[in-house]
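Asker: A single structure is presented below for examination.
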Amino acid sequence: MSAPATTPALEVRGLTKHFGGVYAVDGCSFEAPQGIVTGLIGPNGAGKSTAIDLISGFKLPDSGTVLFKGRALEGLPPHLISRLGLIRTFQSPREWPGLTVLENVVMARWDAGREGFLRGVVGLGRAQRDKSEDELARAREILDEFGLVTLRNERAGNLSGGQKRLVEFARIRMAQPQLVILDEPMGGVNPVLGERMALAIEGFIASGTSVIVVEHNLPFIERVTEHVIVMAQGAVIAEGPFEILRSNQDVIDAYLGEMVKQ
Ligand code: ADP
Ligand code: MG
């Protein structure tokens, strides 16, 4: 694995967001290096998803800064942030349900704004004809790699939760962002797919995409991450390699013993 570059993929400083009286994110600061998988863990309600919403422009912070490879992202809308090379996923997979698996992957290089525009104005058929043969070939190659090639003409909306998640991973591979933030990729997915997803994450790193992964499945975190950030009550309470964190008393207390059982 390549040594982390000096500028972090992501720097979060003092990020804060409240909803009424609830401080969902409360002075959250951390760095995620380039070239590795960083885990983000913490009990339910710790503020992990809200932090991702703030980083990716889906919610505006009350205060704090987010630097993506040294560049401030504040105030940028999600489609501009993704165009800069920072993509995030959601706890439930999002796909174009009426399009085929192959179409979903081919479309991955398009930012959401343009995709919507083309579908509305010129229709999908025309939009697809505009895609180059190279891009189609690349999408087929990725589907093959992800074991999805036999499903390429299936409508994405008909797939199982795990298959939808793999299609989403295939889209990330196609888009090749500089950083991807995965919010609970194993949620609702048959654990049999876990190893395939771990390999896909290794593939992201190999192709130059740094990864931040939020996940409750701690064996998965241990398997895929090099560095782990622990959040509780909106802030970071510990960080380090998972094998050290698992015996950290603050982390154990935050999870109320959830970790020692695993
Ligand atoms: P996690 O992803 O770590 O489980 P969340 O970021 O989803 O945590 O939630 C953090 C806290 O913020 C929780 O107490 C949650 O109920 C609250 N929260 C999240 N989103 C909203 C919202 N839109 N309105 C009100 N409260 C919210
Ligand atoms: Mg969450």
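So you can find residues: chains in the structure tokens are A, B, ... in the order shown, residues in each start at 1, and ligands are numbered from 1 in order.
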Please provide the set of residues having any atom within 8 Å of A:Trp96, restricted to only C-alpha atoms, with same-chain residues fewer than 3 positions apart removed, written as a list of chain:residue names.
Answerer: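 Non-adjacent residues within range: A:Leu99, A:Asn104, A:Ala156, A:Gly157.
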Asker: Could you write out the selected residues, including N, CA and C atoms, as a PDB file, in the first residue's frame?
Answerer:
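Output file part-v2.pdb is given in full below:
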ATOM      1  N   LEU A  99     -33.262   2.019 -14.985  1.00  0.00           N
ATOM      2  CA  LEU A  99     -32.178   1.776 -15.938  1.00  0.00           C
ATOM      3  C   LEU A  99     -31.534   0.426 -15.663  1.00  0.00           C
ATOM      4  N   ASN A 104     -26.567   2.061 -15.421  1.00  0.00           N
ATOM      5  CA  ASN A 104     -26.242   2.705 -14.150  1.00  0.00           C
ATOM      6  C   ASN A 104     -24.737   2.946 -14.027  1.00  0.00           C
ATOM      7  N   ALA A 156     -31.994  -2.099 -12.537  1.00  0.00           N
ATOM      8  CA  ALA A 156     -31.344  -2.007 -11.216  1.00  0.00           C
ATOM      9  C   ALA A 156     -32.368  -2.069 -10.089  1.00  0.00           C
ATOM     10  N   GLY A 157     -33.572  -1.557 -10.344  1.00  0.00           N
ATOM     11  CA  GLY A 157     -34.616  -1.567  -9.322  1.00  0.00           C
ATOM     12  C   GLY A 157     -35.042  -2.971  -8.908  1.00  0.00           C
TER      13      GLY A 157
END
Asker: Check which residues fall inside 10 Å of ligand 1 when counting only C-alpha atoms and all ligand atoms, and print them as a PyMOL selection string.
Answerer: chain A and resi 17-26+40-54+59+91+183-184+214-216+231-234
Asker: Save out the residues we just selected, N, CA and C atoms, as a compact mmCIF listing (two decimals), in the first residue's frame.
Answerer:
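The resulting out.txt:
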# COMPACT_ATOMS: atom_id res chain seq x y z
N LYS A 17 -23.20 21.11 14.13
CA LYS A 17 -24.55 21.24 13.56
C LYS A 17 -25.57 20.84 14.62
N HIS A 18 -26.50 21.72 14.88
CA HIS A 18 -27.55 21.33 15.82
C HIS A 18 -28.92 21.36 15.14
N PHE A 19 -29.79 20.50 15.63
CA PHE A 19 -31.19 20.47 15.20
C PHE A 19 -32.01 20.79 16.43
N GLY A 20 -32.54 22.00 16.52
CA GLY A 20 -33.21 22.40 17.75
C GLY A 20 -32.21 22.31 18.89
N GLY A 21 -32.57 21.56 19.93
CA GLY A 21 -31.67 21.43 21.08
C GLY A 21 -30.66 20.30 20.95
N VAL A 22 -30.71 19.53 19.85
CA VAL A 22 -29.82 18.37 19.70
C VAL A 22 -28.56 18.76 18.93
N TYR A 23 -27.39 18.65 19.59
CA TYR A 23 -26.13 18.88 18.88
C TYR A 23 -25.70 17.57 18.23
N ALA A 24 -26.13 17.38 16.98
CA ALA A 24 -25.84 16.13 16.26
C ALA A 24 -24.34 16.01 16.01
N VAL A 25 -23.70 17.11 15.62
CA VAL A 25 -22.25 17.18 15.43
C VAL A 25 -21.77 18.37 16.26
N ASP A 26 -20.76 18.14 17.10
CA ASP A 26 -20.45 19.14 18.12
C ASP A 26 -18.94 19.30 18.27
N LEU A 40 -14.81 5.18 10.30
CA LEU A 40 -15.48 6.15 11.18
C LEU A 40 -16.55 5.35 11.91
N ILE A 41 -16.33 5.17 13.22
CA ILE A 41 -17.26 4.33 13.97
C ILE A 41 -17.81 5.12 15.16
N GLY A 42 -18.80 4.54 15.81
CA GLY A 42 -19.39 5.17 16.98
C GLY A 42 -20.82 4.69 17.12
N PRO A 43 -21.37 4.77 18.34
CA PRO A 43 -22.72 4.25 18.56
C PRO A 43 -23.77 4.99 17.72
N ASN A 44 -24.95 4.39 17.61
CA ASN A 44 -26.06 5.05 16.92
C ASN A 44 -26.30 6.42 17.49
N GLY A 45 -26.51 7.40 16.62
CA GLY A 45 -26.78 8.76 17.08
C GLY A 45 -25.53 9.56 17.39
N ALA A 46 -24.34 8.99 17.13
CA ALA A 46 -23.07 9.69 17.43
C ALA A 46 -22.87 10.91 16.54
N GLY A 47 -23.56 10.96 15.40
CA GLY A 47 -23.42 12.10 14.49
C GLY A 47 -22.65 11.78 13.22
N LYS A 48 -22.41 10.50 12.96
CA LYS A 48 -21.60 10.10 11.81
C LYS A 48 -22.27 10.52 10.49
N SER A 49 -23.55 10.17 10.33
CA SER A 49 -24.24 10.48 9.06
C SER A 49 -24.39 11.99 8.89
N THR A 50 -24.67 12.70 9.98
CA THR A 50 -24.78 14.16 9.88
C THR A 50 -23.43 14.75 9.47
N ALA A 51 -22.35 14.23 10.05
CA ALA A 51 -21.01 14.72 9.66
C ALA A 51 -20.80 14.52 8.15
N ILE A 52 -21.20 13.36 7.64
CA ILE A 52 -21.04 13.10 6.20
C ILE A 52 -21.89 14.08 5.39
N ASP A 53 -23.13 14.33 5.87
CA ASP A 53 -23.99 15.31 5.17
C ASP A 53 -23.32 16.69 5.11
N LEU A 54 -22.65 17.08 6.20
CA LEU A 54 -22.00 18.39 6.25
C LEU A 54 -20.78 18.42 5.32
N LYS A 59 -25.95 19.13 3.93
CA LYS A 59 -26.44 20.02 5.00
C LYS A 59 -25.37 21.08 5.23
N GLN A 91 -27.01 5.54 3.52
CA GLN A 91 -27.23 4.27 4.23
C GLN A 91 -28.05 3.30 3.38
N ASP A 183 -21.35 5.29 3.74
CA ASP A 183 -22.12 5.30 4.99
C ASP A 183 -22.81 3.94 5.19
N GLU A 184 -22.24 3.14 6.07
CA GLU A 184 -22.76 1.81 6.41
C GLU A 184 -23.02 0.93 5.19
N VAL A 214 -17.97 4.37 7.17
CA VAL A 214 -18.74 4.29 8.41
C VAL A 214 -19.35 2.90 8.44
N GLU A 215 -19.17 2.17 9.52
CA GLU A 215 -19.74 0.82 9.55
C GLU A 215 -19.90 0.35 10.98
N HIS A 216 -21.04 -0.32 11.25
CA HIS A 216 -21.26 -0.91 12.57
C HIS A 216 -20.64 -2.29 12.69
N MET A 231 -16.35 8.35 16.98
CA MET A 231 -17.21 9.48 17.37
C MET A 231 -18.19 9.05 18.44
N ALA A 232 -18.49 9.96 19.37
CA ALA A 232 -19.59 9.78 20.31
C ALA A 232 -20.12 11.17 20.62
N GLN A 233 -21.43 11.30 20.67
CA GLN A 233 -22.08 12.57 20.99
C GLN A 233 -21.52 13.73 20.18
N GLY A 234 -21.35 13.50 18.89
CA GLY A 234 -21.02 14.58 17.96
C GLY A 234 -19.55 14.92 17.82
Asker: When DSSP is applied to the backbone of this structure, which of stretch 79-202 of chain A are assigned strand (DSSP E)? Write them out as a PyMOL selection string.
Answerer: chain A and resi 86-88+179-183
Asker: Which residues come within 7 Å of A:Val211, counting only C-alpha atoms, excluding same-chain residues fewer than 4 positions away, as an mmCIF file with all heavy atoms, in the first residue's frame?
Answerer:
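Below is the file selection-v4.cif, written as the result:
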data_model
loop_
_atom_site.group_PDB
_atom_site.id
_atom_site.type_symbol
_atom_site.label_atom_id
_atom_site.label_comp_id
_atom_site.auth_asym_id
_atom_site.auth_seq_id
_atom_site.Cartn_x
_atom_site.Cartn_y
_atom_site.Cartn_z
ATOM 1 N N ILE A 36 -5.374 5.566 1.947
ATOM 2 C CA ILE A 36 -5.723 4.476 2.864
ATOM 3 C C ILE A 36 -7.224 4.473 3.134
ATOM 4 O O ILE A 36 -7.945 5.394 2.743
ATOM 5 C CB ILE A 36 -4.971 4.563 4.222
ATOM 6 C CG1 ILE A 36 -5.445 5.777 5.055
ATOM 7 C CG2 ILE A 36 -3.466 4.592 4.036
ATOM 8 C CD1 ILE A 36 -5.024 5.684 6.516
ATOM 9 N N VAL A 37 -7.684 3.412 3.822
ATOM 10 C CA VAL A 37 -9.081 3.335 4.264
ATOM 11 C C VAL A 37 -9.144 3.795 5.715
ATOM 12 O O VAL A 37 -8.490 3.207 6.584
ATOM 13 C CB VAL A 37 -9.624 1.889 4.166
ATOM 14 C CG1 VAL A 37 -11.097 1.856 4.580
ATOM 15 C CG2 VAL A 37 -9.437 1.323 2.760
ATOM 16 N N THR A 38 -9.907 4.849 5.952
ATOM 17 C CA THR A 38 -10.120 5.352 7.312
ATOM 18 C C THR A 38 -11.516 4.924 7.757
ATOM 19 O O THR A 38 -12.491 5.152 7.041
ATOM 20 C CB THR A 38 -10.034 6.894 7.338
ATOM 21 O OG1 THR A 38 -8.735 7.295 6.882
ATOM 22 C CG2 THR A 38 -10.259 7.444 8.744
ATOM 23 N N LEU A 179 -11.851 10.756 -3.418
ATOM 24 C CA LEU A 179 -12.243 10.307 -2.074
ATOM 25 C C LEU A 179 -13.680 9.823 -2.135
ATOM 26 O O LEU A 179 -14.538 10.486 -2.741
ATOM 27 C CB LEU A 179 -12.136 11.472 -1.072
ATOM 28 C CG LEU A 179 -12.668 11.215 0.339
ATOM 29 C CD1 LEU A 179 -11.844 10.152 1.069
ATOM 30 C CD2 LEU A 179 -12.663 12.507 1.167
ATOM 31 N N VAL A 180 -13.944 8.678 -1.516
ATOM 32 C CA VAL A 180 -15.330 8.227 -1.386
ATOM 33 C C VAL A 180 -15.623 8.021 0.094
ATOM 34 O O VAL A 180 -14.774 7.538 0.851
ATOM 35 C CB VAL A 180 -15.605 6.936 -2.207
ATOM 36 C CG1 VAL A 180 -14.838 5.731 -1.686
ATOM 37 C CG2 VAL A 180 -17.102 6.631 -2.233
ATOM 38 N N ILE A 181 -16.810 8.457 0.511
ATOM 39 C CA ILE A 181 -17.246 8.250 1.898
ATOM 40 C C ILE A 181 -18.436 7.299 1.852
ATOM 41 O O ILE A 181 -19.470 7.603 1.241
ATOM 42 C CB ILE A 181 -17.658 9.574 2.573
ATOM 43 C CG1 ILE A 181 -16.515 10.602 2.449
ATOM 44 C CG2 ILE A 181 -18.017 9.323 4.034
ATOM 45 C CD1 ILE A 181 -16.834 11.956 3.075
#
Asker: Run DSSP on the backbone and give me the residues of stretch 151-233 of chain A it puts in alpha helix (DSSP H), as a PyMOL selection string.
Answerer: chain A and resi 161-175+194-206+218-224
Asker: Would you pick out the contacts of A:Leu86 at 9 Å or less, using only C-alpha atoms, so that residues sharing its chain but fewer than 2 positions from it are not included, and give the list as a VMD selection string?
Answerer: chain A and resid 56 68 81 to 84 88 177 to 181
Asker: Just the number, please: distance in Å from atom CA of A:Met107 to atom CA of A:Leu193, one decimal.
Answerer: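 Separating atom CA of A:Met107 from atom CA of A:Leu193 is a distance of 24.0 Å.
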Asker: Which of these residues is nearest to ligand 2, using only C-alpha atoms and all ligand atoms: A:Leu67, A:Glu103, A:Phe30, A:Gly187?
Answerer: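 Looking only at the distances to ligand 2, the closest residue turns out to be A:Gly187.
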Asker: Report, in Å to a single decimal, how far apart atom CA of A:Asn190 and atom CA of A:Leu159 are.
Answerer: 13.1 Å
Asker: If you count only C-alpha atoms, which residues fall within 10 Å of stretch 162-169 of chain A, apart from same-chain ones fewer than 5 positions away, as number ranges by chain?
Answerer: A: 89, 91-95, 97, 101-102, 104-105, 108, 142-143, 146-148, 151-152, 156-157, 174-175, 182, 185-194, 196-197, 200-201, 204
